[in-house]
>>> print(open('start-v5.txt').read())   # compact mmCIF, C-alpha atoms
# COMPACT_ATOMS: atom_id res chain seq x y z
CA MET A 1 81.49 110.75 105.52
CA THR A 2 83.47 107.51 105.73
CA PRO A 3 84.34 106.07 102.28
CA GLY A 4 82.53 102.89 101.36
CA PHE A 5 83.83 99.41 102.12
CA ASP A 6 82.49 96.04 103.22
CA PRO A 7 82.87 95.91 107.03
CA GLU A 8 82.60 92.11 107.26
CA ARG A 9 85.26 91.53 104.62
CA MET A 10 87.49 94.15 106.18
CA ALA A 11 87.11 92.49 109.58
CA ARG A 12 88.24 89.21 108.01
CA ALA A 13 91.26 90.94 106.46
CA VAL A 14 92.20 92.46 109.82
CA ALA A 15 91.79 89.09 111.55
CA LEU A 16 94.13 87.52 108.98
CA ALA A 17 96.75 90.21 109.62
CA GLU A 18 96.45 89.77 113.37
CA ALA A 19 96.89 86.00 113.01
CA SER A 20 99.93 86.29 110.73
CA ASP A 21 102.67 87.39 113.10
CA SER A 22 106.19 87.44 111.70
CA PRO A 23 108.29 84.43 112.76
CA TRP A 24 111.06 86.82 113.85
CA PRO A 25 111.79 86.79 117.60
CA ARG A 26 110.42 89.81 119.44
CA SER A 27 113.89 90.61 120.81
CA MET A 28 115.38 90.70 117.28
CA TYR A 29 117.89 88.08 118.43
CA TYR A 30 117.58 84.31 118.42
CA ASP A 31 118.37 82.25 121.50
CA ASP A 32 121.94 81.66 120.34
CA GLY A 33 122.54 85.43 120.11
CA SER A 34 122.23 85.65 116.32
CA TYR A 35 120.74 88.88 114.93
CA VAL A 36 117.64 88.33 112.82
CA GLY A 37 119.18 90.02 109.78
CA ASN A 38 122.24 87.76 109.76
CA VAL A 39 119.98 84.71 109.91
CA GLU A 40 117.43 86.06 107.39
CA TRP A 41 120.09 86.71 104.75
CA ASN A 42 122.46 83.86 105.56
CA GLU A 43 125.13 86.42 106.36
CA THR A 44 128.54 85.21 107.44
CA GLY A 45 132.07 86.50 107.18
CA PRO A 46 133.86 89.75 107.98
CA TRP A 47 130.99 92.25 107.59
CA THR A 48 128.34 90.82 109.94
CA GLU A 49 128.99 93.07 112.93
CA ILE A 50 125.95 94.98 114.21
CA VAL A 51 127.01 98.64 114.28
CA GLY A 52 123.69 100.43 114.87
CA PRO A 53 120.98 100.36 117.54
CA VAL A 54 118.54 97.46 117.70
CA ALA A 55 115.24 97.47 119.59
CA PRO A 56 112.70 94.74 120.38
CA ARG A 57 109.67 94.71 118.10
CA GLY A 58 105.98 94.79 118.79
CA GLY A 59 103.29 92.53 117.39
CA PRO A 60 101.26 92.74 114.19
CA ALA A 61 99.85 96.21 113.65
CA GLY A 62 98.45 98.20 110.79
CA LEU A 63 96.12 100.77 109.33
CA VAL A 64 93.97 101.15 106.24
CA LEU A 65 93.16 104.64 104.94
CA ARG A 66 90.72 105.34 102.13
CA GLY A 67 90.22 108.84 100.85
CA GLY A 68 92.50 109.95 103.68
CA GLN A 69 90.19 108.51 106.34
CA GLU A 70 90.97 105.57 108.58
CA ILE A 71 88.71 102.58 107.88
CA ALA A 72 90.61 99.90 109.81
CA ARG A 73 93.35 99.50 112.40
CA TRP A 74 94.83 96.73 114.52
CA GLY A 75 97.63 96.39 117.02
CA ASP A 76 99.67 99.22 118.53
CA VAL A 77 99.88 101.71 115.67
CA GLU A 78 101.71 104.31 117.79
CA ARG A 79 104.67 102.10 118.68
CA ALA A 80 107.91 103.19 116.99
CA ASP A 81 109.54 99.99 115.72
CA MET A 82 112.42 99.20 113.40
CA THR A 83 111.20 99.27 109.82
CA PHE A 84 114.18 97.97 107.82
CA SER A 85 114.12 98.70 104.06
CA ILE A 86 111.05 100.91 104.09
CA ALA A 87 113.71 103.56 104.78
CA LYS A 88 114.85 103.17 101.16
CA SER A 89 111.62 104.72 99.91
CA TYR A 90 112.09 107.63 102.32
CA LEU A 91 115.55 108.09 100.76
CA SER A 92 113.91 108.12 97.34
CA VAL A 93 111.62 110.94 98.45
CA LEU A 94 114.60 112.89 99.84
CA ALA A 95 116.20 112.58 96.40
CA GLY A 96 113.00 114.13 95.05
CA LEU A 97 113.37 117.05 97.45
CA ALA A 98 116.99 117.53 96.33
CA HIS A 99 115.84 117.45 92.71
CA GLY A 100 113.17 120.07 93.39
CA ASP A 101 115.66 122.26 95.26
CA GLY A 102 118.04 122.27 92.29
CA LEU A 103 120.69 120.36 94.26
CA LEU A 104 120.22 117.38 91.95
CA PRO A 105 119.15 118.80 88.58
CA ASP A 106 120.07 115.85 86.35
CA LEU A 107 119.50 112.27 87.48
CA ASP A 108 121.79 111.04 84.71
CA GLU A 109 124.74 113.12 85.85
CA PRO A 110 127.54 111.15 87.55
CA VAL A 111 127.34 111.49 91.33
CA CYS A 112 131.01 112.51 91.46
CA VAL A 113 130.20 115.82 89.74
CA ARG A 114 128.41 117.15 92.84
CA VAL A 115 129.89 114.86 95.49
CA PRO A 116 133.64 114.82 94.88
CA GLY A 117 135.93 112.56 96.87
CA PRO A 118 137.05 108.95 97.03
CA VAL A 119 133.61 107.36 97.50
CA PHE A 120 132.45 108.17 93.96
CA GLU A 121 135.64 108.58 91.94
CA GLY A 122 137.61 106.25 89.67
CA PRO A 123 137.11 104.61 86.29
CA HIS A 124 134.20 102.46 87.54
CA ASN A 125 132.49 104.38 90.36
CA GLY A 126 133.05 107.69 88.58
CA GLY A 127 130.50 106.75 85.94
CA ILE A 128 127.68 105.95 88.36
CA THR A 129 124.68 108.29 88.17
CA TRP A 130 121.96 109.17 90.64
CA ARG A 131 119.48 107.19 88.55
CA HIS A 132 121.65 104.10 88.86
CA PHE A 133 121.55 104.33 92.65
CA LEU A 134 117.79 104.95 92.70
CA ASN A 135 117.15 101.95 90.42
CA MET A 136 119.45 99.71 92.50
CA ASN A 137 121.65 98.93 89.49
CA SER A 138 124.66 101.14 90.26
CA GLU A 139 127.21 98.33 90.67
CA TRP A 140 129.10 100.68 93.03
CA ARG A 141 132.22 98.97 94.29
CA GLY A 142 134.03 99.60 97.56
CA GLU A 143 133.78 99.80 101.32
CA LEU A 144 131.74 102.36 103.25
CA PHE A 145 131.54 102.69 107.04
CA GLY A 146 133.29 99.33 107.40
CA LYS A 147 130.92 97.40 105.10
CA SER A 148 131.94 96.17 101.64
CA ASP A 149 129.46 95.97 98.78
CA GLN A 150 130.59 92.35 98.42
CA VAL A 151 128.51 91.42 101.46
CA ASP A 152 125.37 91.58 99.29
CA HIS A 153 126.73 90.02 96.09
CA PHE A 154 124.35 87.29 94.87
CA ARG A 155 121.77 88.40 97.45
CA GLN A 156 118.17 87.38 96.91
CA ILE A 157 115.15 88.64 98.83
CA GLY A 158 111.56 87.57 99.31
CA VAL A 159 109.81 84.30 100.00
CA GLY A 160 111.94 81.38 98.84
CA ALA A 161 115.13 83.44 98.47
CA ASP A 162 118.31 81.40 97.98
CA ASN A 163 121.22 83.13 99.69
CA SER A 164 123.60 80.19 99.61
CA ARG A 165 126.05 82.23 97.49
CA LYS A 166 125.53 85.54 99.25
CA GLY A 167 128.79 87.36 99.95
CA GLN A 168 130.79 85.55 97.29
CA LEU A 169 132.72 88.01 95.14
CA ARG A 170 131.43 88.35 91.58
CA ALA A 171 132.61 90.33 88.56
CA MET A 172 131.23 93.85 88.27
CA GLN A 173 128.96 94.81 85.40
CA ALA A 174 128.63 98.22 83.79
CA PRO A 175 126.70 100.71 85.97
CA GLY A 176 123.03 100.67 85.03
CA SER A 177 123.13 97.19 83.48
CA TYR A 178 122.64 94.83 86.44
CA TYR A 179 120.12 94.86 89.30
CA GLU A 180 121.29 93.74 92.73
CA TYR A 181 119.64 94.44 96.07
CA ASN A 182 122.64 95.83 97.91
CA ASP A 183 122.42 97.73 101.20
CA VAL A 184 125.97 99.11 101.08
CA ARG A 185 125.17 100.81 97.77
CA VAL A 186 121.98 102.30 99.21
CA ASN A 187 124.07 103.63 102.10
CA ALA A 188 126.36 105.25 99.53
CA LEU A 189 123.32 107.01 98.05
CA SER A 190 122.31 108.20 101.52
CA PHE A 191 125.80 109.58 102.11
CA ALA A 192 125.66 111.36 98.73
CA LEU A 193 122.28 112.95 99.52
CA MET A 194 123.54 114.15 102.91
CA SER A 195 126.51 115.67 101.09
CA LEU A 196 124.12 117.55 98.77
CA PHE A 197 121.92 118.90 101.55
CA ARG A 198 124.94 119.53 103.83
CA ARG A 199 122.64 118.49 106.67
CA PRO A 200 121.70 115.23 108.40
CA LEU A 201 118.93 113.57 106.39
CA PRO A 202 116.63 112.97 109.41
CA GLU A 203 116.71 116.72 110.02
CA VAL A 204 115.74 117.44 106.42
CA LEU A 205 112.98 114.82 106.45
CA ARG A 206 111.51 116.07 109.73
CA GLU A 207 111.53 119.72 108.70
CA ARG A 208 110.35 119.36 105.11
CA ILE A 209 107.91 116.45 105.30
CA MET A 210 107.23 114.72 108.60
CA ASP A 211 106.41 117.75 110.75
CA PRO A 212 104.21 119.37 108.07
CA ILE A 213 102.16 116.19 107.56
CA GLY A 214 101.55 115.88 111.30
CA ALA A 215 103.86 112.99 112.13
CA SER A 216 104.65 112.34 115.76
CA GLN A 217 107.92 113.33 117.40
CA GLY A 218 108.56 109.69 118.30
CA TRP A 219 110.20 108.51 115.06
CA ARG A 220 113.96 108.54 114.63
CA TRP A 221 116.49 107.54 112.00
CA GLU A 222 119.69 106.09 113.44
CA GLY A 223 123.06 105.64 111.76
CA TYR A 224 126.02 103.44 112.57
CA GLU A 225 128.66 104.10 115.20
CA THR A 226 131.02 104.05 112.19
CA SER A 227 129.05 106.48 109.98
CA TRP A 228 129.97 109.82 111.54
CA THR A 229 131.55 112.42 109.28
CA GLU A 230 132.08 116.17 109.15
CA ILE A 231 130.56 118.56 106.64
CA ASP A 232 131.20 122.30 106.74
CA GLY A 233 132.64 121.93 110.22
CA ARG A 234 129.55 120.13 111.56
CA ARG A 235 129.75 116.52 112.78
CA MET A 236 126.85 114.49 111.43
CA GLN A 237 125.85 110.88 111.01
CA SER A 238 125.03 109.30 107.68
CA VAL A 239 121.93 107.09 107.99
CA PRO A 240 121.34 103.70 106.34
CA GLY A 241 118.54 102.57 104.08
CA GLY A 242 117.53 99.84 106.50
CA GLY A 243 118.35 97.90 109.64
CA HIS A 244 120.66 95.35 108.02
CA TRP A 245 123.39 95.98 110.63
CA GLY A 246 121.18 97.77 113.15
CA GLY A 247 120.09 101.37 112.95
CA GLY A 248 117.69 102.68 110.34
CA MET A 249 114.23 104.11 110.92
CA PHE A 250 112.33 103.49 114.14
CA ILE A 251 108.79 104.66 113.38
CA SER A 252 105.13 103.91 114.05
CA ALA A 253 102.49 102.52 111.74
CA ALA A 254 100.54 105.77 112.19
CA ASP A 255 103.46 107.86 110.96
CA HIS A 256 104.01 105.50 108.03
CA ALA A 257 100.33 105.99 107.14
CA ARG A 258 100.72 109.77 107.18
CA PHE A 259 103.74 109.46 104.90
CA GLY A 260 101.88 107.04 102.62
CA GLN A 261 98.95 109.46 102.32
CA PHE A 262 101.41 112.23 101.36
CA ILE A 263 102.80 109.97 98.62
CA LEU A 264 99.32 108.95 97.45
CA ARG A 265 98.62 112.68 96.98
CA ASP A 266 101.69 112.92 94.70
CA GLY A 267 103.81 114.77 97.26
CA VAL A 268 101.22 117.49 97.86
CA HIS A 269 100.15 118.34 101.40
CA ASP A 270 97.42 120.77 102.39
CA GLY A 271 97.39 122.18 98.87
CA VAL A 272 101.14 122.80 98.85
CA ARG A 273 103.37 120.88 96.43
CA VAL A 274 106.36 119.54 98.33
CA LEU A 275 107.78 117.07 95.83
CA PRO A 276 108.42 118.35 92.31
CA GLU A 277 105.77 117.76 89.66
CA GLY A 278 106.32 114.40 88.01
CA TRP A 279 108.70 113.04 90.63
CA MET A 280 106.43 110.25 91.83
CA ALA A 281 105.51 109.32 88.25
CA GLN A 282 109.23 108.80 87.59
CA SER A 283 109.62 106.97 90.88
CA VAL A 284 107.08 104.29 89.99
CA THR A 285 108.26 103.78 86.41
CA PRO A 286 109.80 100.30 86.01
CA SER A 287 113.58 100.35 85.79
CA ALA A 288 115.47 98.95 82.83
CA THR A 289 116.82 96.09 84.95
CA LEU A 290 113.82 94.99 87.04
CA ALA A 291 110.22 95.36 85.92
CA ASN A 292 108.82 95.53 89.45
CA TYR A 293 111.25 98.14 90.78
CA GLY A 294 111.33 101.92 90.40
CA PHE A 295 113.21 104.53 92.43
CA LEU A 296 113.52 102.36 95.58
CA TRP A 297 109.79 101.53 95.40
CA TRP A 298 108.39 98.06 94.66
CA LEU A 299 105.86 97.92 91.79
CA ASN A 300 103.12 95.45 90.89
CA ARG A 301 104.49 94.96 87.38
CA GLY A 302 106.23 92.38 85.23
CA PRO A 303 106.44 88.62 85.81
CA ALA A 304 106.34 89.08 89.59
CA ALA A 305 103.06 91.02 89.52
CA ASN A 306 100.15 89.82 91.64
CA PRO A 307 97.08 89.80 89.32
CA ALA A 308 94.78 89.95 92.35
CA LEU A 309 96.08 93.44 93.18
CA PRO A 310 95.82 96.64 91.09
CA GLU A 311 98.58 97.03 88.52
CA GLY A 312 99.18 100.63 89.57
CA ALA A 313 99.78 99.79 93.23
CA PHE A 314 103.28 100.24 94.65
CA ALA A 315 104.96 99.79 98.01
CA ALA A 316 107.77 100.54 100.39
CA GLN A 317 108.85 97.20 101.83
CA GLY A 318 111.02 96.18 104.73
CA ALA A 319 112.07 92.86 106.19
CA GLY A 320 109.98 91.53 108.94
CA THR A 321 107.50 91.97 106.94
CA ASN A 322 106.74 95.72 106.95
CA HIS A 323 104.83 97.45 104.13
CA ILE A 324 103.48 100.84 103.15
CA TRP A 325 101.23 99.81 100.27
CA ILE A 326 99.73 102.55 98.10
CA ASP A 327 96.83 101.93 95.73
CA PRO A 328 95.89 105.01 93.68
CA GLU A 329 93.05 103.14 91.92
CA HIS A 330 91.13 102.71 95.19
CA ASP A 331 92.55 105.83 96.91
CA VAL A 332 93.96 103.57 99.61
CA VAL A 333 97.02 103.41 101.85
CA VAL A 334 97.73 100.23 103.83
CA VAL A 335 100.42 99.89 106.49
CA LEU A 336 101.37 96.36 107.55
CA ARG A 337 103.75 95.71 110.44
CA TRP A 338 105.24 92.32 111.32
CA VAL A 339 103.25 90.11 108.96
CA ALA A 340 104.79 86.76 108.01
CA GLY A 341 106.34 87.08 104.59
CA ASP A 342 104.20 84.39 102.98
CA ARG A 343 101.00 86.03 104.27
CA ALA A 344 101.47 89.70 103.31
CA GLN A 345 100.06 89.37 99.79
CA LYS A 346 97.06 87.42 101.13
CA VAL A 347 96.33 90.20 103.63
CA LEU A 348 96.50 92.85 100.89
CA GLU A 349 94.23 90.77 98.64
CA ALA A 350 91.70 90.46 101.47
CA ILE A 351 91.76 94.24 102.01
CA VAL A 352 91.20 94.89 98.29
CA ARG A 353 88.24 92.50 98.30
CA ALA A 354 86.71 94.61 101.08
CA LEU A 355 86.88 97.85 99.06
>>> encode(input="start-v5.txt", output="structure tokens")
Amino acid sequence: MTPGFDPERMARAVALAEASDSPWPRSMYYDDGSYVGNVEWNETGPWTEIVGPVAPRGGPAGLVLRGGQEIARWGDVERADMTFSIAKSYLSVLAGLAHGDGLLPDLDEPVCVRVPGPVFEGPHNGGITWRHFLNMNSEWRGELFGKSDQVDHFRQIGVGADNSRKGQLRAMQAPGSYYEYNDVRVNALSFALMSLFRRPLPEVLRERIMDPIGASQGWRWEGYETSWTEIDGRRMQSVPGGGHWGGGMFISAADHARFGQFILRDGVHDGVRVLPEGWMAQSVTPSATLANYGFLWWLNRGPAANPALPEGAFAAQGAGTNHIWIDPEHDVVVVLRWVAGDRAQKVLEAIVRAL
């Protein structure tokens, strides 16, 4: 039996999503050859080179699931498109797997204890913990795969972001004390998780989560041409937490919806617990440095909360605008692809009104 909802209101919500195409060019490049990410974040200077694959995008697409059943869809939900920072929330879930496997027993242990080497050593970086990386307040300092953390100093995101100072060097704060949305630091977390698993992260994700939940074989997670390394004699590619310089996850709305349903069910699939008990509760607990951010998940909390949406809702978000929005109160998963940034919240509000 299909869960209840108001069909007329849902049709209006879908029409709004369809009419709210992202202003980004379909090719991902503007007429002058500029990559959308460089323009979006006002990125200039020595670290702007695109070092991963880029693919043209499709149009607005999405799905609404309630009680695990599809109650709305629009656009091409099977098309595997770039998804930008939604990949960060997939990284968060991989950290949960590592925690459950005993590879990452203590989130407050310095990363250098289990991942020795120059990336995480020294008087500053040596004190950074896994929790710091997951809460985006690590203040990790350095260069990784040809990109310096400085590239995202003073970075702002969201509607109305002011990136006029982005890339200017600032003084480092103590790890855990200062929130900054920094893609190089997320890539350092990804490298650390690969070092724990001793396997490419896409391989772990496919085997442990995506194949069991019935995801297609069409998704892929691409790294940089500069991010190859060797572990235990095997050459493997570290993958980024987005498409900032190309690469990242190329995945369909339908596969995002399957993943979102797995998260809505607290990391349990088909009666089998995949993520450790309590992991998702930790993941959606506000961090000490940003009330609407958990373990690489966006929360509807604090001064930035939208009162028209449930307080317990949370989301994976990527530029473009791409969302996996999860609402435990209504037992709902919403996937939005390529919605204009200033319209995404209005679309979600319209969907909630239809429930």
>>> closest_residue(input="start-v5.txt", among="A:Arg57, A:His244, A:Arg353, A:Arg73", to="A:Ala308", atoms="all atoms listed in the file")
A:Arg353
>>> residues_around(input="start-v5.txt", residues="A:Ile231", least_positions_apart="3", cutoff="12 Å", atoms="all atoms listed in the file", output="PyMOL selection string")
chain A and resi 115+191-192+194-200+228+234-238
>>> closest_residue(input="start-v5.txt", among="A:Leu94, A:Val186, A:Ala319, A:Leu355", to="A:Glu203", atoms="all atoms listed in the file")
A:Leu94
>>> residues_around(input="start-v5.txt", residues="stretch 152-166 of chain A", least_positions_apart="4", cutoff="9 Å", atoms="only C-alpha atoms", output="MDAnalysis selection string")
chainID A and resid 41:44 148 170 180:184 319 341:342
>>> closest_residue(input="start-v5.txt", among="A:Gln69, A:Ser227, A:Asn135, A:Thr321", to="A:Asp21", atoms="all atoms listed in the file")
A:Thr321
>>> closest_atom_pairs(input="start-v5.txt", of="stretch 133-211 of chain A", to="stretch 284-302 of chain A", cutoff="9 Å", atoms="only C-alpha atoms", output="tab-separated table")
residue	atom	partner	partner_atom	distance
A:Phe133	CA	A:Phe295	CA	8.3
A:Leu134	CA	A:Phe295	CA	4.6
A:Asn135	CA	A:Phe295	CA	5.1
A:Met136	CA	A:Leu296	CA	7.2
A:Asn137	CA	A:Thr289	CA	7.2
A:Gly176	CA	A:Thr289	CA	7.7
A:Ser177	CA	A:Thr289	CA	6.6
A:Tyr178	CA	A:Thr289	CA	6.1
A:Tyr179	CA	A:Thr289	CA	5.6
>>> atom_distance(input="start-v5.txt", atom1="atom CA of A:Trp338", atom2="atom CA of A:Ala19")
10.6 Å
>>> residues_around(input="start-v5.txt", residues="A:Val113", least_positions_apart="5", cutoff="12 Å", atoms="all atoms listed in the file", output="JSON, numbers by chain")
{"A": [103, 104, 105, 106, 107, 108, 119, 120, 121, 125, 126, 127, 128, 129, 130, 192, 195, 196]}
>>> atom_distance(input="start-v5.txt", atom1="atom CA of A:Asp327", atom2="atom CA of A:Gly68")
12.1 Å
>>> closest_residue(input="start-v5.txt", among="A:Ala61, A:Ala95, A:Val39, A:Ala315", to="A:Glu18", atoms="all atoms listed in the file")
A:Ala61
>>> atom_distance(input="start-v5.txt", atom1="atom CA of A:Phe5", atom2="atom CA of A:Trp325")
17.5 Å
>>> closest_residue(input="start-v5.txt", among="A:Tyr224, A:Phe250, A:Trp24, A:Trp279", to="A:Glu78", atoms="only C-alpha atoms")
A:Phe250
>>> closest_residue(input="start-v5.txt", among="A:Gly248, A:Pro116, A:Pro7, A:Gly142", to="A:Ala72", atoms="only C-alpha atoms")
A:Pro7
>>> residues_around(input="start-v5.txt", residues="A:Pro56", least_positions_apart="3", cutoff="6 Å", atoms="all atoms listed in the file", output="list in words")
Arg26, Ser27 and Met28 of chain A
>>> residues_around(input="start-v5.txt", residues="A:Ile71", least_positions_apart="5", cutoff="10 Å", atoms="all atoms listed in the file", output="PyMOL selection string")
chain A and resi 2-5+7+10+63-66+332
>>> write_last_selection(input="start-v5.txt", atoms="C-alpha atoms", output="mmCIF file, in the frame of the given file")
data_model
loop_
_atom_site.group_PDB
_atom_site.id
_atom_site.type_symbol
_atom_site.label_atom_id
_atom_site.label_comp_id
_atom_site.auth_asym_id
_atom_site.auth_seq_id
_atom_site.Cartn_x
_atom_site.Cartn_y
_atom_site.Cartn_z
ATOM 1 C CA THR A 2 83.470 107.510 105.730
ATOM 2 C CA PRO A 3 84.340 106.070 102.280
ATOM 3 C CA GLY A 4 82.530 102.890 101.360
ATOM 4 C CA PHE A 5 83.830 99.410 102.120
ATOM 5 C CA PRO A 7 82.870 95.910 107.030
ATOM 6 C CA MET A 10 87.490 94.150 106.180
ATOM 7 C CA LEU A 63 96.120 100.770 109.330
ATOM 8 C CA VAL A 64 93.970 101.150 106.240
ATOM 9 C CA LEU A 65 93.160 104.640 104.940
ATOM 10 C CA ARG A 66 90.720 105.340 102.130
ATOM 11 C CA VAL A 332 93.960 103.570 99.610
#
>>> residues_near_point(input="start-v5.txt", point="(101.7, 119.9, 105.5)", cutoff="7 Å", atoms="all atoms listed in the file", output="ChimeraX atom specification")
/A:212-213,269-270
>>> decode(input="start-v5.txt", residues="stretch 224-303 of chain A", atoms="C-alpha atoms", output="PDB file, in the first residue's frame")
ATOM      1  CA  TYR A 224      42.824  12.832  -9.382  1.00  0.00           C
ATOM      2  CA  GLU A 225      45.584  12.058 -11.846  1.00  0.00           C
ATOM      3  CA  THR A 226      47.849  13.165  -8.968  1.00  0.00           C
ATOM      4  CA  SER A 227      46.270  10.998  -6.235  1.00  0.00           C
ATOM      5  CA  TRP A 228      47.755   7.591  -7.030  1.00  0.00           C
ATOM      6  CA  THR A 229      49.705   5.869  -4.276  1.00  0.00           C
ATOM      7  CA  GLU A 230      50.850   2.386  -3.319  1.00  0.00           C
ATOM      8  CA  ILE A 231      49.705   0.398  -0.306  1.00  0.00           C
ATOM      9  CA  ASP A 232      50.960  -3.116   0.414  1.00  0.00           C
ATOM     10  CA  GLY A 233      52.379  -3.293  -3.088  1.00  0.00           C
ATOM     11  CA  ARG A 234      49.061  -2.377  -4.737  1.00  0.00           C
ATOM     12  CA  ARG A 235      48.675   0.845  -6.733  1.00  0.00           C
ATOM     13  CA  MET A 236      45.455   2.614  -5.812  1.00  0.00           C
ATOM     14  CA  GLN A 237      43.863   6.010  -6.189  1.00  0.00           C
ATOM     15  CA  SER A 238      42.729   8.138  -3.289  1.00  0.00           C
ATOM     16  CA  VAL A 239      39.316   9.677  -4.025  1.00  0.00           C
ATOM     17  CA  PRO A 240      38.133  13.197  -3.162  1.00  0.00           C
ATOM     18  CA  GLY A 241      35.146  14.328  -1.152  1.00  0.00           C
ATOM     19  CA  GLY A 242      33.741  16.247  -4.106  1.00  0.00           C
ATOM     20  CA  GLY A 243      34.289  17.542  -7.616  1.00  0.00           C
ATOM     21  CA  HIS A 244      36.109  20.738  -6.647  1.00  0.00           C
ATOM     22  CA  TRP A 245      38.951  20.001  -9.107  1.00  0.00           C
ATOM     23  CA  GLY A 246      37.115  17.352 -11.118  1.00  0.00           C
ATOM     24  CA  GLY A 247      36.640  13.751 -10.100  1.00  0.00           C
ATOM     25  CA  GLY A 248      34.444  12.682  -7.214  1.00  0.00           C
ATOM     26  CA  MET A 249      31.280  10.606  -7.392  1.00  0.00           C
ATOM     27  CA  PHE A 250      29.357  10.167 -10.628  1.00  0.00           C
ATOM     28  CA  ILE A 251      26.055   8.623  -9.558  1.00  0.00           C
ATOM     29  CA  SER A 252      22.334   8.589 -10.313  1.00  0.00           C
ATOM     30  CA  ALA A 253      19.454   9.999  -8.311  1.00  0.00           C
ATOM     31  CA  ALA A 254      18.082   6.457  -7.995  1.00  0.00           C
ATOM     32  CA  ASP A 255      21.289   5.206  -6.380  1.00  0.00           C
ATOM     33  CA  HIS A 256      21.379   8.222  -4.064  1.00  0.00           C
ATOM     34  CA  ALA A 257      17.818   7.339  -3.016  1.00  0.00           C
ATOM     35  CA  ARG A 258      18.826   3.762  -2.213  1.00  0.00           C
ATOM     36  CA  PHE A 259      21.711   5.070  -0.120  1.00  0.00           C
ATOM     37  CA  GLY A 260      19.435   7.598   1.590  1.00  0.00           C
ATOM     38  CA  GLN A 261      16.948   4.859   2.487  1.00  0.00           C
ATOM     39  CA  PHE A 262      19.812   2.816   3.994  1.00  0.00           C
ATOM     40  CA  ILE A 263      20.757   5.830   6.129  1.00  0.00           C
ATOM     41  CA  LEU A 264      17.133   6.498   7.108  1.00  0.00           C
ATOM     42  CA  ARG A 265      17.061   2.906   8.414  1.00  0.00           C
ATOM     43  CA  ASP A 266      20.077   3.690  10.624  1.00  0.00           C
ATOM     44  CA  GLY A 267      22.521   1.695   8.510  1.00  0.00           C
ATOM     45  CA  VAL A 268      20.433  -1.486   8.581  1.00  0.00           C
ATOM     46  CA  HIS A 269      19.584  -3.273   5.341  1.00  0.00           C
ATOM     47  CA  ASP A 270      17.320  -6.274   4.970  1.00  0.00           C
ATOM     48  CA  GLY A 271      17.461  -6.850   8.721  1.00  0.00           C
ATOM     49  CA  VAL A 272      21.254  -6.816   8.803  1.00  0.00           C
ATOM     50  CA  ARG A 273      23.088  -4.064  10.694  1.00  0.00           C
ATOM     51  CA  VAL A 274      25.850  -2.701   8.479  1.00  0.00           C
ATOM     52  CA  LEU A 275      26.795   0.463  10.337  1.00  0.00           C
ATOM     53  CA  PRO A 276      27.574   0.124  14.041  1.00  0.00           C
ATOM     54  CA  GLU A 277      24.817   0.841  16.544  1.00  0.00           C
ATOM     55  CA  GLY A 278      24.769   4.534  17.389  1.00  0.00           C
ATOM     56  CA  TRP A 279      26.939   5.650  14.485  1.00  0.00           C
ATOM     57  CA  MET A 280      24.259   7.684  12.738  1.00  0.00           C
ATOM     58  CA  ALA A 281      23.129   9.225  16.036  1.00  0.00           C
ATOM     59  CA  GLN A 282      26.706  10.486  16.486  1.00  0.00           C
ATOM     60  CA  SER A 283      26.844  11.575  12.865  1.00  0.00           C
ATOM     61  CA  VAL A 284      23.872  13.923  13.183  1.00  0.00           C
ATOM     62  CA  THR A 285      24.893  15.416  16.532  1.00  0.00           C
ATOM     63  CA  PRO A 286      25.820  19.100  16.122  1.00  0.00           C
ATOM     64  CA  SER A 287      29.549  19.729  16.274  1.00  0.00           C
ATOM     65  CA  ALA A 288      31.132  22.052  18.802  1.00  0.00           C
ATOM     66  CA  THR A 289      32.028  24.544  16.076  1.00  0.00           C
ATOM     67  CA  LEU A 290      28.920  24.641  13.850  1.00  0.00           C
ATOM     68  CA  ALA A 291      25.408  23.934  15.097  1.00  0.00           C
ATOM     69  CA  ASN A 292      24.125  22.746  11.719  1.00  0.00           C
ATOM     70  CA  TYR A 293      26.978  20.345  10.958  1.00  0.00           C
ATOM     71  CA  GLY A 294      27.681  16.820  12.173  1.00  0.00           C
ATOM     72  CA  PHE A 295      30.000  14.165  10.737  1.00  0.00           C
ATOM     73  CA  LEU A 296      30.004  15.600   7.179  1.00  0.00           C
ATOM     74  CA  TRP A 297      26.190  15.822   7.246  1.00  0.00           C
ATOM     75  CA  TRP A 298      24.216  19.080   7.220  1.00  0.00           C
ATOM     76  CA  LEU A 299      21.643  19.441  10.032  1.00  0.00           C
ATOM     77  CA  ASN A 300      18.523  21.559  10.412  1.00  0.00           C
ATOM     78  CA  ARG A 301      19.726  23.042  13.694  1.00  0.00           C
ATOM     79  CA  GLY A 302      20.973  26.292  15.178  1.00  0.00           C
ATOM     80  CA  PRO A 303      20.569  29.810  13.763  1.00  0.00           C
TER      81      PRO A 303
END
